[in-house]
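Chemist: My structure is below; once you've seen it, I'll send some questions.
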Amino acid sequence: MIAVKDLCKIYTMGGEPLAALDGVSLSFDRGAYLSVTGPSGSGKSTLMNVLGGLDRPTRGTYTFEGEDVSGLDDDQLAHFRNQRIGFVFQSFQLLARQTALQNVELPMIYAGVSPKDRQDRAIQLLGKVGLGERIHHRPTQLSGGQQQRVAIARALANSPDLLLADEPTGALDSATGKDVLALFENLNRDGLTVIVVTHDASVAARAKRQIGFEDGRIVLDKVLRA
Amino acid sequence: MKRMDLVRSAAGAIIAHPMRSALTSLGVVIGVAAVVIMTSIGLGAQQRVMGAISGLGSNLIIISPAASRSGFVAQAAGTDISITGADAEALAKQLDGVVAVAPSVRGQAQLAAEGTNWNSRIEGVTPDYLIARDLSIGQGRMFDDREARQGRTVAVIGTTVARELFGEADPLGKRIRVGGSPFQVVGILTPKGQSGFGQDQDDIVLGPLGAVRSRVVGRRVKGDAVQTIYLKTANEKDLDRVQEDATNLLRERHRIREGQDDDFQAQNMASILKASEAATQTFTILLAAVAAVSLVVGGVGIMNIMLVAVTERTREIGLRMAVGAKRADILAQFALESVALSLAGGVLGLVIGVIGTVILAKLAGWPIAIASWAAPLALGFSVLVGLVFGAYPSWRAAQLDPIEALRRE
């Protein structure tokens, strides 16, 4: 189980404290598929950063499969991100100088996987996202949808427990966006926990559970499907 | 992050911008090449001076008249010649550990033989002179003590004199006129070539001390006076002691009271060598320091470009952190990149420096002298420059906040 309790994140803007998260509590089990919606500045990105171990809450607790994540130091957080979390970004965030294969290998380099093993795993993952023919292409030689699939393969490299996708379809046309969402649904069906942050209602509607944010608080928590 | 992955990532980053990397390294290339060339010039100069000094003869003490003073006015050294043949005899008799004592007078004289003539140095010496100056006879013989005492007009000539006066003919037994006085050639010196100071050491005539003094240089050197006494000790560690004994003995013979200045000066080769070694070493260090400044400038160039690279690659850094890079991994990645840039410049600079030294040595006619420590020093310094000047940019990279970094355009 993944749970946050009374989560607060307070920034100081021009001397004034500003609560990006204001007492957020949320929990979900392995295999959940959540969408998080809300206007920009509502705190949904901050929640993602905390869940992903990129940011620490000002107050509150974060437990991940029984482990207290809020108490980890920088290096422990890096290890946590590396082993537990897969990130998918709106702008893909691929390394332009490296091939699809090398991009997918990156998290495994930091995990200390041997070159042979990580290459095998990267080829297998690129095949899984439908890019088996393009493993040696660089990002500039791939379409947006293909780039996002490379990013998803990279997110899966170290077999994470939680996939965090921030506006994964924001930079894609609706057809390729649907392909990406279908991929998420497949992964979720195989047991992966997925959280998608979006302000696209049609994307949000495909999750099993929808969380709505406003002013740093949860204003909507609706189960869409079992 | 594994070491090989770090190296590959650094190499990739450098190759990604070949022109920029080359220009960045250029400062270090020039700096290292300058260090190598400068230290080689210093070392070459040092070797030339050492060669020149040790060419005078080993384990040698040179005693010459001191500059005398009339009142407060210092005269040129040797104005009043204060040392004599009797001094030399006393030194030979009373000093321990001396293998040769050779008094000498010298002058420049016009030589004539068989219709040709030549101007050369002539030295009036005793047979021990050969031992003191590490000379030897190539053909014929050296005149002996008896001939020297009797004032016989015999001479030993250098190969240059032999060639100029006699050409291919055998000079042994022939007569030459030295400044008007006839001398018979009894021996030819083994050629020694050019001295370190650029003087032809074979362009010389040696004659017995008495005969040369009275017949050739008599106007300037009166009575029993000599211009130089060469002392050769049996071994190097006796040099200082023998020099001190000789000084004491001469002060006593010259009746110099305590507190008065010597009227002669004694120098030994070891101390001259040491002094000139110290001087050339200072020169070498100075040159290297000047060159090292350009290395520092090269380092600043690397720092500049590394800061640019960190800014340019902020998103890459954020992404690497997001997928699990620790701060230490980011630090190592950029530090290694900086060291690799600097080291590549160092290797190229070393090659250019060595080639430059060889060309310079050829042009100037010097011996090629590249210090054995030049290569490790140059490479060590370029690694150090990379580390020092890469430290701040790498630290900046490692301190980035991953969220901010990922958001950067």
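Just remember, in the structure tokens the first chain shown is A, the second B, etc., residues are 1-based per chain, and ligands are 1-based in the order shown.
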For chain A versus chain B, which residues have an atom no more than 12 Å away, and what is each residue's nearest atom pair and distance in Å rounded to one decimal, using only C-alpha atoms, chain-then-number order, as a Markdown table?
Modeler:
```
| residue | atom | partner | partner_atom | distance |
| --- | --- | --- | --- | --- |
| A:Ser45 | CA | B:Ile403 | CA | 10.2 |
| A:Thr46 | CA | B:Ile403 | CA | 9.7 |
| A:Met48 | CA | B:Ile403 | CA | 10.7 |
| A:Asn49 | CA | B:Ile403 | CA | 7.6 |
| A:Val50 | CA | B:Ile403 | CA | 10.5 |
| A:Gly52 | CA | B:Ala322 | CA | 8.4 |
| A:Gly53 | CA | B:Ala322 | CA | 8.5 |
| A:Leu54 | CA | B:Ile403 | CA | 6.6 |
| A:Asp55 | CA | B:Ile403 | CA | 7.7 |
| A:Arg56 | CA | B:Ile403 | CA | 11.3 |
| A:Asp73 | CA | B:Lys326 | CA | 10.7 |
| A:Asp74 | CA | B:Lys326 | CA | 7.4 |
| A:Asp75 | CA | B:Lys326 | CA | 5.5 |
| A:Gln76 | CA | B:Lys326 | CA | 8.6 |
| A:Leu77 | CA | B:Gly324 | CA | 8.2 |
| A:Ala78 | CA | B:Gly324 | CA | 4.6 |
| A:His79 | CA | B:Gly324 | CA | 5.7 |
| A:Phe80 | CA | B:Gly324 | CA | 7.5 |
| A:Arg81 | CA | B:Gly324 | CA | 5.5 |
| A:Asn82 | CA | B:Gly324 | CA | 4.1 |
| A:Gln83 | CA | B:Gly324 | CA | 7.8 |
| A:Arg84 | CA | B:Gly324 | CA | 9.9 |
| A:Ile85 | CA | B:Val323 | CA | 8.0 |
| A:Gly86 | CA | B:Val323 | CA | 7.5 |
| A:Phe87 | CA | B:Ala322 | CA | 7.5 |
| A:Val88 | CA | B:Ala322 | CA | 10.3 |
| A:Phe89 | CA | B:Leu406 | CA | 9.3 |
| A:Gln90 | CA | B:Arg407 | CA | 10.7 |
| A:Ser91 | CA | B:Leu406 | CA | 9.7 |
| A:Phe92 | CA | B:Leu319 | CA | 9.9 |
| A:Gln93 | CA | B:Leu319 | CA | 6.7 |
| A:Leu94 | CA | B:Glu316 | CA | 8.1 |
| A:Leu95 | CA | B:Glu316 | CA | 6.5 |
| A:Ala96 | CA | B:Glu316 | CA | 9.1 |
| A:Arg97 | CA | B:Ala16 | CA | 7.6 |
| A:Gln98 | CA | B:Gly12 | CA | 9.1 |
| A:Gln102 | CA | B:Ser9 | CA | 10.8 |
| A:Asn103 | CA | B:Arg320 | CA | 10.3 |
| A:Val104 | CA | B:Val323 | CA | 10.3 |
| A:Glu105 | CA | B:Val323 | CA | 10.5 |
| A:Leu106 | CA | B:Val323 | CA | 7.5 |
| A:Pro107 | CA | B:Val323 | CA | 5.2 |
| A:Met108 | CA | B:Val323 | CA | 8.8 |
| A:Ile109 | CA | B:Met1 | CA | 6.0 |
| A:Tyr110 | CA | B:Met1 | CA | 5.0 |
| A:Ala111 | CA | B:Met1 | CA | 7.5 |
| A:Gly112 | CA | B:Met1 | CA | 6.2 |
| A:Val113 | CA | B:Lys2 | CA | 9.1 |
| A:Ser114 | CA | B:Lys2 | CA | 9.0 |
| A:Pro115 | CA | B:Asp5 | CA | 9.0 |
| A:Ala151 | CA | B:Leu319 | CA | 11.0 |
| A:Arg154 | CA | B:Val323 | CA | 8.7 |
| A:Ala155 | CA | B:Val323 | CA | 7.9 |
| A:Leu156 | CA | B:Val323 | CA | 10.5 |
| A:Ala157 | CA | B:Val323 | CA | 9.6 |
| A:Asn158 | CA | B:Val323 | CA | 9.5 |
| A:Pro160 | CA | B:Val323 | CA | 10.8 |
| A:Leu163 | CA | B:Val323 | CA | 12.0 |
| A:Leu164 | CA | B:Ala322 | CA | 11.4 |
```
Chemist: Residues within 8 Å of His136 of chain A, please, as a list of chain:residue names. Count only C-alpha atoms; anything in the same chain fewer than 5 positions from it doesn't count.
Modeler: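 Here the answer would be A:Thr99, A:Ala100, A:Leu101.
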Chemist: Would you mind exporting the chosen residues as a JSON list (two decimals), in the first residue's frame, restricted to C-alpha atoms?
Modeler:
```json
[["chain", "number", "residue", "atom", "x", "y", "z"],
["A", 99, "THR", "CA", 19.86, 6.17, -29.04],
["A", 100, "ALA", "CA", 16.54, 4.77, -27.87],
["A", 101, "LEU", "CA", 18.45, 1.80, -26.49]]
```
Chemist: Measuring between only C-alpha atoms, which one of B:Arg213, B:Arg146, B:Val29, B:Trp118 shows the shortest distance to Gly349 of chain B?
Modeler: B:Val29
Chemist: Please provide the set of residues having any atom within 12 Å of Gly127 of chain A, restricted to only C-alpha atoms, with same-chain residues fewer than 4 positions apart removed, written as a VMD selection string.
Modeler: chain A and resid 100 to 101 104 120 to 123 131 to 135 146 149 to 150 152 to 153
Chemist: Filtering to N, CA and C atoms, could you give me those residues as an mmCIF file, in the first residue's frame?
Modeler:
```
data_model
loop_
_atom_site.group_PDB
_atom_site.id
_atom_site.type_symbol
_atom_site.label_atom_id
_atom_site.label_comp_id
_atom_site.auth_asym_id
_atom_site.auth_seq_id
_atom_site.Cartn_x
_atom_site.Cartn_y
_atom_site.Cartn_z
ATOM 1 N N ALA A 100 17.660 5.271 -28.667
ATOM 2 C CA ALA A 100 16.537 4.773 -27.873
ATOM 3 C C ALA A 100 17.043 3.742 -26.863
ATOM 4 N N LEU A 101 17.912 2.851 -27.347
ATOM 5 C CA LEU A 101 18.448 1.800 -26.490
ATOM 6 C C LEU A 101 19.192 2.393 -25.294
ATOM 7 N N VAL A 104 16.933 3.955 -22.714
ATOM 8 C CA VAL A 104 16.245 2.989 -21.857
ATOM 9 C C VAL A 104 17.221 2.375 -20.844
ATOM 10 N N ASP A 120 20.048 -6.360 -22.890
ATOM 11 C CA ASP A 120 19.002 -7.365 -23.133
ATOM 12 C C ASP A 120 17.651 -6.839 -22.665
ATOM 13 N N ARG A 121 17.663 -6.278 -21.437
ATOM 14 C CA ARG A 121 16.412 -5.791 -20.847
ATOM 15 C C ARG A 121 15.855 -4.617 -21.666
ATOM 16 N N ALA A 122 16.731 -3.708 -22.129
ATOM 17 C CA ALA A 122 16.273 -2.539 -22.887
ATOM 18 C C ALA A 122 15.665 -2.982 -24.217
ATOM 19 N N ILE A 123 16.292 -3.975 -24.860
ATOM 20 C CA ILE A 123 15.757 -4.465 -26.137
ATOM 21 C C ILE A 123 14.381 -5.084 -25.914
ATOM 22 N N LEU A 131 8.635 -0.794 -30.288
ATOM 23 C CA LEU A 131 9.701 -0.083 -30.990
ATOM 24 C C LEU A 131 10.905 -0.992 -31.257
ATOM 25 N N GLY A 132 10.640 -2.287 -31.352
ATOM 26 C CA GLY A 132 11.722 -3.253 -31.540
ATOM 27 C C GLY A 132 12.579 -2.981 -32.763
ATOM 28 N N GLU A 133 11.990 -2.301 -33.753
ATOM 29 C CA GLU A 133 12.722 -2.038 -34.999
ATOM 30 C C GLU A 133 13.548 -0.756 -34.939
ATOM 31 N N ARG A 134 13.354 0.015 -33.887
ATOM 32 C CA ARG A 134 13.964 1.350 -33.885
ATOM 33 C C ARG A 134 14.899 1.589 -32.700
ATOM 34 N N ILE A 135 15.500 0.513 -32.203
ATOM 35 C CA ILE A 135 16.283 0.656 -30.967
ATOM 36 C C ILE A 135 17.513 1.534 -31.146
ATOM 37 N N GLN A 146 6.402 7.868 -30.690
ATOM 38 C CA GLN A 146 7.486 6.906 -30.516
ATOM 39 C C GLN A 146 8.424 7.336 -29.385
ATOM 40 N N ARG A 149 6.982 6.493 -26.167
ATOM 41 C CA ARG A 149 7.092 5.063 -25.864
ATOM 42 C C ARG A 149 8.493 4.701 -25.375
ATOM 43 N N VAL A 150 9.511 5.356 -25.960
ATOM 44 C CA VAL A 150 10.869 5.138 -25.452
ATOM 45 C C VAL A 150 10.919 5.552 -23.987
ATOM 46 N N ILE A 152 8.483 5.591 -21.874
ATOM 47 C CA ILE A 152 7.760 4.614 -21.044
ATOM 48 C C ILE A 152 8.635 3.374 -20.820
ATOM 49 N N ALA A 153 9.320 2.942 -21.887
ATOM 50 C CA ALA A 153 10.232 1.802 -21.743
ATOM 51 C C ALA A 153 11.302 2.124 -20.703
#
```
Chemist: Determine the nearest neighbour of Leu7 of chain A from the options A:Gln210, A:Ser27, A:Ser35, A:Thr61, counting only C-alpha atoms.
Modeler: A:Thr61
Chemist: Which parts of segment 45-201 of chain B does DSSP call alpha helix (DSSP H) when run on the backbone here, written out as a count of residues only?
Modeler: 38
Chemist: Hey, what's within 9 Å of Ala22 of chain B if we count only C-alpha atoms and toss same-chain stuff fewer than 6 positions away? As a PyMOL selection string, please?
Modeler: chain B and resi 14+341+345
